[in-house]
Amino acid sequence: MYVKKIKLINFRNYMNLDMELNKTLNIFVGDNAQGKTNLLESIYICSNGKSYRTSKDRELINLSKTKAYIGLEVEKEQFTKYIEIKFDKEAKKRIRVNKVELERNSELTGILNIVIFSPEDLRLVKEGPSERRNFLDGEISQIKPKYKYNLARYNKILLQRNNLLKGRSYESCQNLFDVWDTQLSQAGADIIIERIKFIDKLAMISKDIHNKLTGGIEELKLIYLPSFSVDILEKQELQLRLKNILKNNIEQDIQKGSTEFGPHRDDLDIIINGVSARTFGSQGQQRTAALSLKLAEVELIKHEVGEYPVLLLDDVFSELDINRRKYLISTFKEIQTIITSTDDIDLVELNGVEKKVFFIRQGKVIIEGAV
Ligand SMILES: Nc1ncnc2c1ncn2[C@@H]1O[C@H](COP(=O)(O)OP(=O)(O)O)[C@@H](O)[C@H]1O
Ligand SMILES: [Mg+2]
């Protein structure tokens, strides 16, 4: 799939943009604070209805305006999809696909698949478990809408359970706990099973990619770290196990006022040559590991969805060394890739790759060169 056209009205610093993208490689060059990331953000929002930079939709509307619009024409193998999102300071956003308004924003899932890699993605390797859980959740949701639904359900029940834990005794609300724990373990078991399946596939693909990116020097391994022993993949059994753990741990949970076991406490260990990259990896190793995971996700989406996603590389291409760039360049023929950079990109390296180069200044795409 690829994004053919973008139209932005009053979106961040774009007052009015209407442009066509190249089917393969697109390069946007511009100084800092000109609108490069804003442009990628607008594309990203059309993949799941939300920004990755802010949870407040009103920030997306130009400061001097009250409404904003994103329109994307997405070409898929079988059909064309027009995704339109209207933001209003005073009202909820509205999403339309091929002129039909969605009843729920979650219906947008799967129409446009995006993988984005930006400097912040280093956090994926470096920071605490919640970064990695967010990564897992975001990526699995793209290919499994049901996962997104289960996760929302799980989080809602967890919140209710945690509220109940605060300042109560087990005896006084035993029945209520029993109800929450049954529901929590049902949704929780589904989440764990999907995460295990996803990590297994991702581990296989990313190992191969990481090997190529590092010229065979580094071996990447992914290990799922659940909050309790998960050696069974049978749903009913796993659910029962989680329910028992919740029940057996209730006194400690009440003391702490929070739920200690369950997928909301999962982590993923990212291991390079036998040691954890989070603790022992250099900055460069961490960046490469994050890139391997993202590129593995690209392949996984192709495998699961049948089409390559659109790859967004925000300010990272020129930071990579020549081997990593070469590997990426080899993928450009098949995958629509949108690169941003503050410096001119060495176009000689990209000889033989069909591409378009654009320049961005103050929310305007000013020059366009097909090379
Ligand atoms: N809601 C908004 N209204 C107007 N301008 C905005 C809004 N949100 C961000 N900007 C402007 O967008 C610019 C940053 O754009 P960004 O795409 O992050 O830059 P970069 O080219 O460095 O990636 C800043 O000048 C910022 O003031
Ligand atoms: Mg930027």
# chains A, B, ... in the order shown; residues from 1 in each chain; ligands from 1
>>> residues_near_ligand(ligand="ligand 1", cutoff="10 Å", atoms="only C-alpha atoms and all ligand atoms", output="PyMOL selection string")
chain A and resi 10-15+28-42+53+57-65+68+314-315+340-342+360-363
>>> write_last_selection(atoms="N, CA and C atoms", output="short mmCIF file (atom, residue, chain, number, x, y, z; two decimals), in the first residue's frame")
data_model
loop_
_atom_site.label_atom_id
_atom_site.label_comp_id
_atom_site.auth_asym_id
_atom_site.auth_seq_id
_atom_site.Cartn_x
_atom_site.Cartn_y
_atom_site.Cartn_z
N ASN A 10 -5.05 23.63 7.95
CA ASN A 10 -4.89 24.10 9.35
C ASN A 10 -4.35 23.03 10.28
N PHE A 11 -3.62 22.10 9.74
CA PHE A 11 -3.02 21.06 10.59
C PHE A 11 -1.64 21.53 11.04
N ARG A 12 -1.47 21.69 12.37
CA ARG A 12 -0.21 22.21 12.92
C ARG A 12 0.24 23.45 12.13
N ASN A 13 1.43 23.44 11.55
CA ASN A 13 1.84 24.65 10.83
C ASN A 13 1.55 24.59 9.33
N TYR A 14 0.72 23.64 8.91
CA TYR A 14 0.30 23.59 7.50
C TYR A 14 -1.07 24.23 7.33
N MET A 15 -1.11 25.36 6.66
CA MET A 15 -2.41 26.02 6.45
C MET A 15 -3.15 25.34 5.29
N PHE A 28 12.12 14.38 2.34
CA PHE A 28 11.76 15.74 2.70
C PHE A 28 12.92 16.37 3.46
N VAL A 29 13.45 17.43 2.89
CA VAL A 29 14.59 18.10 3.51
C VAL A 29 14.12 19.46 4.02
N GLY A 30 14.55 19.81 5.23
CA GLY A 30 14.18 21.12 5.76
C GLY A 30 14.88 21.37 7.09
N ASP A 31 15.03 22.65 7.43
CA ASP A 31 15.64 22.99 8.71
C ASP A 31 14.76 22.54 9.86
N ASN A 32 15.27 22.72 11.06
CA ASN A 32 14.48 22.40 12.24
C ASN A 32 13.21 23.25 12.31
N ALA A 33 12.18 22.68 12.88
CA ALA A 33 10.92 23.37 13.16
C ALA A 33 10.20 23.90 11.92
N GLN A 34 10.37 23.25 10.79
CA GLN A 34 9.72 23.70 9.56
C GLN A 34 8.44 22.91 9.25
N GLY A 35 8.33 21.72 9.86
CA GLY A 35 7.11 20.93 9.62
C GLY A 35 7.35 19.53 9.09
N LYS A 36 8.57 19.06 9.20
CA LYS A 36 8.87 17.71 8.68
C LYS A 36 8.15 16.63 9.50
N THR A 37 8.31 16.72 10.82
CA THR A 37 7.66 15.72 11.67
C THR A 37 6.14 15.88 11.63
N ASN A 38 5.68 17.13 11.54
CA ASN A 38 4.23 17.36 11.46
C ASN A 38 3.62 16.60 10.27
N LEU A 39 4.34 16.61 9.16
CA LEU A 39 3.82 15.94 7.97
C LEU A 39 3.72 14.42 8.20
N LEU A 40 4.77 13.85 8.78
CA LEU A 40 4.74 12.41 9.07
C LEU A 40 3.64 12.10 10.08
N GLU A 41 3.51 12.99 11.05
CA GLU A 41 2.48 12.80 12.07
C GLU A 41 1.08 12.73 11.44
N SER A 42 0.84 13.59 10.45
CA SER A 42 -0.49 13.61 9.82
C SER A 42 -0.77 12.27 9.13
N ARG A 53 2.45 11.76 19.19
CA ARG A 53 3.17 12.83 19.88
C ARG A 53 2.34 13.49 20.95
N ASP A 57 -6.04 16.18 20.84
CA ASP A 57 -6.30 16.48 19.43
C ASP A 57 -6.24 17.98 19.13
N ARG A 58 -6.63 18.80 20.12
CA ARG A 58 -6.68 20.23 19.83
C ARG A 58 -5.29 20.81 19.52
N GLU A 59 -4.25 20.13 20.00
CA GLU A 59 -2.89 20.60 19.68
C GLU A 59 -2.56 20.46 18.20
N LEU A 60 -3.34 19.61 17.54
CA LEU A 60 -3.07 19.36 16.12
C LEU A 60 -3.63 20.47 15.23
N ILE A 61 -4.59 21.22 15.78
CA ILE A 61 -5.21 22.30 15.03
C ILE A 61 -4.30 23.52 15.08
N ASN A 62 -4.13 24.17 13.96
CA ASN A 62 -3.29 25.37 13.93
C ASN A 62 -3.74 26.35 15.02
N LEU A 63 -2.75 26.94 15.67
CA LEU A 63 -3.03 27.79 16.84
C LEU A 63 -4.02 28.92 16.56
N SER A 64 -4.04 29.39 15.33
CA SER A 64 -4.92 30.52 15.03
C SER A 64 -6.28 30.08 14.47
N LYS A 65 -6.52 28.76 14.45
CA LYS A 65 -7.75 28.25 13.84
C LYS A 65 -8.56 27.39 14.83
N ALA A 68 -9.43 21.69 11.82
CA ALA A 68 -8.35 21.21 10.95
C ALA A 68 -8.81 19.97 10.18
N ASP A 314 11.89 9.32 10.44
CA ASP A 314 11.97 10.73 10.82
C ASP A 314 13.35 11.06 11.37
N ASP A 315 14.13 11.77 10.60
CA ASP A 315 15.42 12.26 11.10
C ASP A 315 16.38 11.16 11.50
N THR A 340 12.70 12.01 6.36
CA THR A 340 12.94 13.43 6.58
C THR A 340 14.39 13.61 7.02
N SER A 341 14.91 14.78 6.70
CA SER A 341 16.30 15.04 7.07
C SER A 341 16.54 16.54 7.14
N THR A 342 17.41 16.96 8.04
CA THR A 342 17.75 18.39 8.08
C THR A 342 18.85 18.69 7.07
N ILE A 360 10.95 21.49 2.60
CA ILE A 360 9.89 22.02 3.46
C ILE A 360 10.37 23.29 4.13
N ARG A 361 9.55 24.35 4.02
CA ARG A 361 9.85 25.56 4.78
C ARG A 361 8.57 26.16 5.32
N GLN A 362 8.56 26.36 6.62
CA GLN A 362 7.41 26.99 7.29
C GLN A 362 6.05 26.43 6.85
N GLY A 363 5.98 25.13 6.94
CA GLY A 363 4.69 24.51 6.64
C GLY A 363 4.31 24.52 5.18
#
>>> select_by_dssp(residues="segment 132-326 of chain A", states="helix (DSSP H, G or I)", output="MDAnalysis selection string")
chainID A and resid 132:143 145:165 171:213 235:248 250:256 263:265 277:280 283:305 317:319 322:326
>>> select_by_dssp(residues="segment 19-204 of chain A", states="strand (DSSP E or B)", output="PyMOL selection string")
chain A and resi 19-20+25-29+61+67-75+80-88+91-97+100-101+114-117
>>> write_last_selection(atoms="C-alpha atoms", output="PDB file, in the first residue's frame")
ATOM      1  CA  MET A  19       0.464  17.177  -2.726  1.00  0.00           C
ATOM      2  CA  GLU A  20       1.178  13.906  -4.401  1.00  0.00           C
ATOM      3  CA  LEU A  25      10.969   6.797  -1.980  1.00  0.00           C
ATOM      4  CA  ASN A  26      10.167  10.315  -0.811  1.00  0.00           C
ATOM      5  CA  ILE A  27      12.722  12.600   0.807  1.00  0.00           C
ATOM      6  CA  PHE A  28      11.755  15.740   2.703  1.00  0.00           C
ATOM      7  CA  VAL A  29      14.589  18.102   3.512  1.00  0.00           C
ATOM      8  CA  ILE A  61      -5.214  22.303  15.028  1.00  0.00           C
ATOM      9  CA  LYS A  67     -10.810  23.395  12.826  1.00  0.00           C
ATOM     10  CA  ALA A  68      -8.347  21.205  10.951  1.00  0.00           C
ATOM     11  CA  TYR A  69      -8.471  18.567   8.249  1.00  0.00           C
ATOM     12  CA  ILE A  70      -6.313  15.674   7.088  1.00  0.00           C
ATOM     13  CA  GLY A  71      -7.149  13.870   3.867  1.00  0.00           C
ATOM     14  CA  LEU A  72      -5.171  10.936   2.566  1.00  0.00           C
ATOM     15  CA  GLU A  73      -5.580   8.935  -0.587  1.00  0.00           C
ATOM     16  CA  VAL A  74      -4.234   5.452   0.039  1.00  0.00           C
ATOM     17  CA  GLU A  75      -3.680   3.051  -2.826  1.00  0.00           C
ATOM     18  CA  THR A  80      -8.327   2.998  -3.136  1.00  0.00           C
ATOM     19  CA  LYS A  81      -9.204   4.330   0.310  1.00  0.00           C
ATOM     20  CA  TYR A  82      -9.833   7.969   1.089  1.00  0.00           C
ATOM     21  CA  ILE A  83      -9.243   8.625   4.753  1.00  0.00           C
ATOM     22  CA  GLU A  84     -10.470  11.956   6.063  1.00  0.00           C
ATOM     23  CA  ILE A  85     -10.207  13.286   9.596  1.00  0.00           C
ATOM     24  CA  LYS A  86     -11.834  16.487  10.757  1.00  0.00           C
ATOM     25  CA  PHE A  87     -10.727  18.100  13.995  1.00  0.00           C
ATOM     26  CA  ASP A  88     -12.760  20.694  15.785  1.00  0.00           C
ATOM     27  CA  ALA A  91     -16.222  18.817  19.144  1.00  0.00           C
ATOM     28  CA  LYS A  92     -14.968  15.287  18.824  1.00  0.00           C
ATOM     29  CA  LYS A  93     -12.976  14.459  15.737  1.00  0.00           C
ATOM     30  CA  ARG A  94     -14.782  12.808  12.861  1.00  0.00           C
ATOM     31  CA  ILE A  95     -13.303  10.168  10.638  1.00  0.00           C
ATOM     32  CA  ARG A  96     -14.563   9.175   7.211  1.00  0.00           C
ATOM     33  CA  VAL A  97     -13.359   6.430   4.940  1.00  0.00           C
ATOM     34  CA  VAL A 100     -18.629   7.065   4.985  1.00  0.00           C
ATOM     35  CA  GLU A 101     -18.362   8.243   8.554  1.00  0.00           C
ATOM     36  CA  ILE A 114       2.383   2.454   9.110  1.00  0.00           C
ATOM     37  CA  VAL A 115       5.745   1.744  10.669  1.00  0.00           C
ATOM     38  CA  ILE A 116       7.503   4.818  11.981  1.00  0.00           C
ATOM     39  CA  PHE A 117      11.073   5.073  13.147  1.00  0.00           C
TER      40      PHE A 117
END
>>> closest_residue(among="A:Ile366, A:Leu246, A:Leu313, A:Ala189", to="ligand 2", atoms="only C-alpha atoms and all ligand atoms")
A:Leu313
>>> closest_residue(among="A:Glu131, A:Glu307, A:Glu77, A:Glu120", to="ligand 2", atoms="only C-alpha atoms and all ligand atoms")
A:Glu120
>>> closest_residue(among="A:Val316, A:Gln336, A:Leu225, A:Leu295", to="ligand 2", atoms="only C-alpha atoms and all ligand atoms")
A:Val316
>>> closest_residue(among="A:Ser118, A:Asn113, A:Ser229, A:Thr66", to="ligand 2", atoms="only C-alpha atoms and all ligand atoms")
A:Ser118
>>> closest_residue(among="A:Lys235, A:Arg287, A:Lys221, A:Arg168", to="Ser206 of chain A", atoms="only C-alpha atoms")
A:Lys221
>>> residues_around(residues="Ile143 of chain A", least_positions_apart="4", cutoff="10 Å", atoms="only C-alpha atoms", output="JSON, numbers by chain")
{"A": [109, 110, 113, 138, 139, 147, 148, 300, 301, 302, 304, 305]}
>>> write_last_selection(atoms="C-alpha atoms", output="mmCIF file, in the first residue's frame")
data_model
loop_
_atom_site.group_PDB
_atom_site.id
_atom_site.type_symbol
_atom_site.label_atom_id
_atom_site.label_comp_id
_atom_site.auth_asym_id
_atom_site.auth_seq_id
_atom_site.Cartn_x
_atom_site.Cartn_y
_atom_site.Cartn_z
ATOM 1 C CA THR A 109 -7.486 -0.007 12.199
ATOM 2 C CA GLY A 110 -5.947 -1.919 9.343
ATOM 3 C CA ASN A 113 -0.520 0.314 7.993
ATOM 4 C CA GLY A 138 0.679 -0.713 19.043
ATOM 5 C CA GLU A 139 2.133 -3.159 16.566
ATOM 6 C CA TYR A 147 -6.286 -7.312 20.332
ATOM 7 C CA LYS A 148 -6.939 -3.604 20.608
ATOM 8 C CA LEU A 300 5.576 -9.024 9.661
ATOM 9 C CA ILE A 301 2.825 -6.705 8.420
ATOM 10 C CA LYS A 302 3.553 -7.807 4.865
ATOM 11 C CA GLU A 304 0.023 -10.908 8.025
ATOM 12 C CA VAL A 305 -1.743 -8.282 5.933
#
>>> closest_residue(among="A:Ala290, A:Leu312, A:Ile271, A:Ile329", to="ligand 2", atoms="only C-alpha atoms and all ligand atoms")
A:Leu312
>>> residues_around(residues="Ile223 of chain A", least_positions_apart="2", cutoff="12 Å", atoms="only C-alpha atoms", output="PyMOL selection string")
chain A and resi 132+195-204+207+220-221+225-226+266-272+274-277
>>> residues_around(residues="segment 149-160 of chain A", least_positions_apart="6", cutoff="9 Å", atoms="only C-alpha atoms", output="ChimeraX atom specification")
/A:106,137,141,180-181,183-188,190-191,258-259,264
>>> write_last_selection(atoms="C-alpha atoms", output="short mmCIF file (atom, residue, chain, number, x, y, z; two decimals), in the first residue's frame")
data_model
loop_
_atom_site.label_atom_id
_atom_site.label_comp_id
_atom_site.auth_asym_id
_atom_site.auth_seq_id
_atom_site.Cartn_x
_atom_site.Cartn_y
_atom_site.Cartn_z
CA SER A 106 -11.27 1.80 16.04
CA ASP A 137 0.46 -3.21 21.88
CA SER A 141 -3.19 -3.82 17.29
CA TRP A 180 -13.41 -8.63 38.14
CA ASP A 181 -10.76 -11.34 38.33
CA GLN A 183 -13.05 -10.90 33.44
CA LEU A 184 -9.52 -9.66 33.91
CA SER A 185 -8.03 -13.11 33.45
CA GLN A 186 -10.14 -13.73 30.34
CA ALA A 187 -8.93 -10.58 28.60
CA GLY A 188 -5.45 -11.01 30.10
CA ASP A 190 -5.91 -13.37 25.25
CA ILE A 191 -3.38 -10.56 25.45
CA SER A 258 -2.40 -2.05 42.78
CA THR A 259 -2.44 -5.31 40.83
CA HIS A 264 0.25 -4.87 32.32
#
>>> decode(residues="segment 260-308 of chain A", atoms="N, CA and C atoms", output="JSON list (two decimals), in the first residue's frame")
[["chain", "number", "residue", "atom", "x", "y", "z"],
["A", 260, "GLU", "N", -0.46, -6.68, 40.99],
["A", 260, "GLU", "CA", 0.95, -6.96, 40.73],
["A", 260, "GLU", "C", 1.21, -7.90, 39.56],
["A", 261, "PHE", "N", 0.24, -8.76, 39.27],
["A", 261, "PHE", "CA", 0.45, -9.73, 38.20],
["A", 261, "PHE", "C", -0.52, -9.51, 37.04],
["A", 262, "GLY", "N", -0.03, -9.82, 35.86],
["A", 262, "GLY", "CA", -0.87, -9.68, 34.67],
["A", 262, "GLY", "C", -0.07, -9.03, 33.55],
["A", 263, "PRO", "N", -0.65, -9.03, 32.34],
["A", 263, "PRO", "CA", 0.10, -8.52, 31.18],
["A", 263, "PRO", "C", 0.50, -7.04, 31.26],
["A", 264, "HIS", "N", -0.15, -6.28, 32.16],
["A", 264, "HIS", "CA", 0.25, -4.87, 32.32],
["A", 264, "HIS", "C", 1.61, -4.76, 33.00],
["A", 265, "ARG", "N", 2.16, -5.91, 33.42],
["A", 265, "ARG", "CA", 3.49, -5.90, 34.03],
["A", 265, "ARG", "C", 4.51, -6.65, 33.17],
["A", 266, "ASP", "N", 4.12, -7.01, 31.97],
["A", 266, "ASP", "CA", 5.04, -7.74, 31.07],
["A", 266, "ASP", "C", 6.22, -6.88, 30.63],
["A", 267, "ASP", "N", 7.26, -7.56, 30.21],
["A", 267, "ASP", "CA", 8.38, -6.86, 29.56],
["A", 267, "ASP", "C", 8.94, -7.75, 28.45],
["A", 268, "LEU", "N", 9.80, -7.15, 27.68],
["A", 268, "LEU", "CA", 10.43, -7.84, 26.57],
["A", 268, "LEU", "C", 11.93, -7.60, 26.71],
["A", 269, "ASP", "N", 12.70, -8.68, 26.79],
["A", 269, "ASP", "CA", 14.15, -8.49, 26.90],
["A", 269, "ASP", "C", 14.75, -8.49, 25.50],
["A", 270, "ILE", "N", 15.52, -7.45, 25.22],
["A", 270, "ILE", "CA", 16.17, -7.33, 23.91],
["A", 270, "ILE", "C", 17.65, -7.61, 24.14],
["A", 271, "ILE", "N", 18.11, -8.71, 23.56],
["A", 271, "ILE", "CA", 19.44, -9.19, 23.90],
["A", 271, "ILE", "C", 20.37, -9.16, 22.68],
["A", 272, "ILE", "N", 21.52, -8.54, 22.86],
["A", 272, "ILE", "CA", 22.51, -8.52, 21.77],
["A", 272, "ILE", "C", 23.74, -9.31, 22.22],
["A", 273, "ASN", "N", 24.11, -10.27, 21.43],
["A", 273, "ASN", "CA", 25.24, -11.15, 21.74],
["A", 273, "ASN", "C", 25.22, -11.63, 23.20],
["A", 274, "GLY", "N", 24.07, -12.04, 23.63],
["A", 274, "GLY", "CA", 23.95, -12.66, 24.95],
["A", 274, "GLY", "C", 23.75, -11.72, 26.12],
["A", 275, "VAL", "N", 23.84, -10.43, 25.91],
["A", 275, "VAL", "CA", 23.60, -9.53, 27.05],
["A", 275, "VAL", "C", 22.48, -8.53, 26.74],
["A", 276, "SER", "N", 21.81, -8.10, 27.80],
["A", 276, "SER", "CA", 20.66, -7.23, 27.63],
["A", 276, "SER", "C", 21.08, -5.87, 27.06],
["A", 277, "ALA", "N", 20.48, -5.50, 25.95],
["A", 277, "ALA", "CA", 20.86, -4.25, 25.28],
["A", 277, "ALA", "C", 20.44, -3.05, 26.11],
["A", 278, "ARG", "N", 19.41, -3.22, 26.92],
["A", 278, "ARG", "CA", 18.93, -2.09, 27.72],
["A", 278, "ARG", "C", 20.01, -1.62, 28.68],
["A", 279, "THR", "N", 20.67, -2.58, 29.35],
["A", 279, "THR", "CA", 21.66, -2.25, 30.35],
["A", 279, "THR", "C", 23.06, -2.10, 29.77],
["A", 280, "PHE", "N", 23.40, -2.99, 28.84],
["A", 280, "PHE", "CA", 24.80, -3.05, 28.42],
["A", 280, "PHE", "C", 25.07, -2.53, 27.01],
["A", 281, "GLY", "N", 23.99, -2.28, 26.25],
["A", 281, "GLY", "CA", 24.21, -1.88, 24.86],
["A", 281, "GLY", "C", 24.73, -0.45, 24.75],
["A", 282, "SER", "N", 25.55, -0.21, 23.74],
["A", 282, "SER", "CA", 25.98, 1.17, 23.47],
["A", 282, "SER", "C", 24.80, 1.87, 22.79],
["A", 283, "GLN", "N", 24.89, 3.18, 22.69],
["A", 283, "GLN", "CA", 23.83, 3.95, 22.04],
["A", 283, "GLN", "C", 23.60, 3.45, 20.61],
["A", 284, "GLY", "N", 24.71, 3.20, 19.93],
["A", 284, "GLY", "CA", 24.63, 2.72, 18.54],
["A", 284, "GLY", "C", 23.96, 1.36, 18.45],
["A", 285, "GLN", "N", 24.30, 0.49, 19.38],
["A", 285, "GLN", "CA", 23.69, -0.85, 19.39],
["A", 285, "GLN", "C", 22.20, -0.76, 19.68],
["A", 286, "GLN", "N", 21.86, 0.12, 20.60],
["A", 286, "GLN", "CA", 20.45, 0.28, 20.95],
["A", 286, "GLN", "C", 19.66, 0.81, 19.76],
["A", 287, "ARG", "N", 20.27, 1.76, 19.04],
["A", 287, "ARG", "CA", 19.59, 2.33, 17.89],
["A", 287, "ARG", "C", 19.38, 1.26, 16.81],
["A", 288, "THR", "N", 20.43, 0.48, 16.58],
["A", 288, "THR", "CA", 20.31, -0.56, 15.56],
["A", 288, "THR", "C", 19.28, -1.61, 15.96],
["A", 289, "ALA", "N", 19.26, -1.96, 17.26],
["A", 289, "ALA", "CA", 18.27, -2.94, 17.72],
["A", 289, "ALA", "C", 16.86, -2.41, 17.49],
["A", 290, "ALA", "N", 16.66, -1.11, 17.81],
["A", 290, "ALA", "CA", 15.33, -0.52, 17.60],
["A", 290, "ALA", "C", 14.98, -0.54, 16.11],
["A", 291, "LEU", "N", 15.95, -0.23, 15.26],
["A", 291, "LEU", "CA", 15.71, -0.25, 13.82],
["A", 291, "LEU", "C", 15.38, -1.67, 13.35],
["A", 292, "SER", "N", 16.10, -2.65, 13.86],
["A", 292, "SER", "CA", 15.82, -4.05, 13.47],
["A", 292, "SER", "C", 14.39, -4.43, 13.82],
["A", 293, "LEU", "N", 13.95, -4.01, 15.00],
["A", 293, "LEU", "CA", 12.58, -4.34, 15.42],
["A", 293, "LEU", "C", 11.56, -3.69, 14.49],
["A", 294, "LYS", "N", 11.81, -2.44, 14.15],
["A", 294, "LYS", "CA", 10.86, -1.72, 13.28],
["A", 294, "LYS", "C", 10.83, -2.34, 11.89],
["A", 295, "LEU", "N", 12.01, -2.69, 11.37],
["A", 295, "LEU", "CA", 12.04, -3.28, 10.03],
["A", 295, "LEU", "C", 11.43, -4.68, 10.04],
["A", 296, "ALA", "N", 11.60, -5.36, 11.17],
["A", 296, "ALA", "CA", 10.97, -6.68, 11.30],
["A", 296, "ALA", "C", 9.45, -6.53, 11.28],
["A", 297, "GLU", "N", 8.99, -5.46, 11.90],
["A", 297, "GLU", "CA", 7.55, -5.18, 11.90],
["A", 297, "GLU", "C", 7.04, -4.94, 10.47],
["A", 298, "VAL", "N", 7.84, -4.28, 9.67],
["A", 298, "VAL", "CA", 7.48, -4.06, 8.26],
["A", 298, "VAL", "C", 7.23, -5.41, 7.57],
["A", 299, "GLU", "N", 8.15, -6.34, 7.77],
["A", 299, "GLU", "CA", 8.04, -7.66, 7.14],
["A", 299, "GLU", "C", 6.85, -8.45, 7.70],
["A", 300, "LEU", "N", 6.67, -8.30, 9.01],
["A", 300, "LEU", "CA", 5.58, -9.02, 9.66],
["A", 300, "LEU", "C", 4.21, -8.55, 9.15],
["A", 301, "ILE", "N", 4.08, -7.24, 8.96],
["A", 301, "ILE", "CA", 2.83, -6.70, 8.42],
["A", 301, "ILE", "C", 2.60, -7.24, 7.01],
["A", 302, "LYS", "N", 3.67, -7.26, 6.23],
["A", 302, "LYS", "CA", 3.55, -7.81, 4.87],
["A", 302, "LYS", "C", 3.04, -9.26, 4.94],
["A", 303, "HIS", "N", 3.60, -10.00, 5.87],
["A", 303, "HIS", "CA", 3.23, -11.40, 6.03],
["A", 303, "HIS", "C", 1.77, -11.57, 6.48],
["A", 304, "GLU", "N", 1.36, -10.75, 7.43],
["A", 304, "GLU", "CA", 0.02, -10.91, 8.02],
["A", 304, "GLU", "C", -1.08, -10.24, 7.19],
["A", 305, "VAL", "N", -0.73, -9.09, 6.61],
["A", 305, "VAL", "CA", -1.74, -8.28, 5.93],
["A", 305, "VAL", "C", -1.71, -8.52, 4.43],
["A", 306, "GLY", "N", -0.56, -8.95, 3.93],
["A", 306, "GLY", "CA", -0.44, -9.23, 2.50],
["A", 306, "GLY", "C", 0.14, -8.07, 1.70],
["A", 307, "GLU", "N", 0.30, -6.91, 2.36],
["A", 307, "GLU", "CA", 0.90, -5.77, 1.67],
["A", 307, "GLU", "C", 1.90, -5.11, 2.60],
["A", 308, "TYR", "N", 2.91, -4.48, 2.00],
["A", 308, "TYR", "CA", 3.87, -3.76, 2.83],
["A", 308, "TYR", "C", 3.22, -2.51, 3.42]]
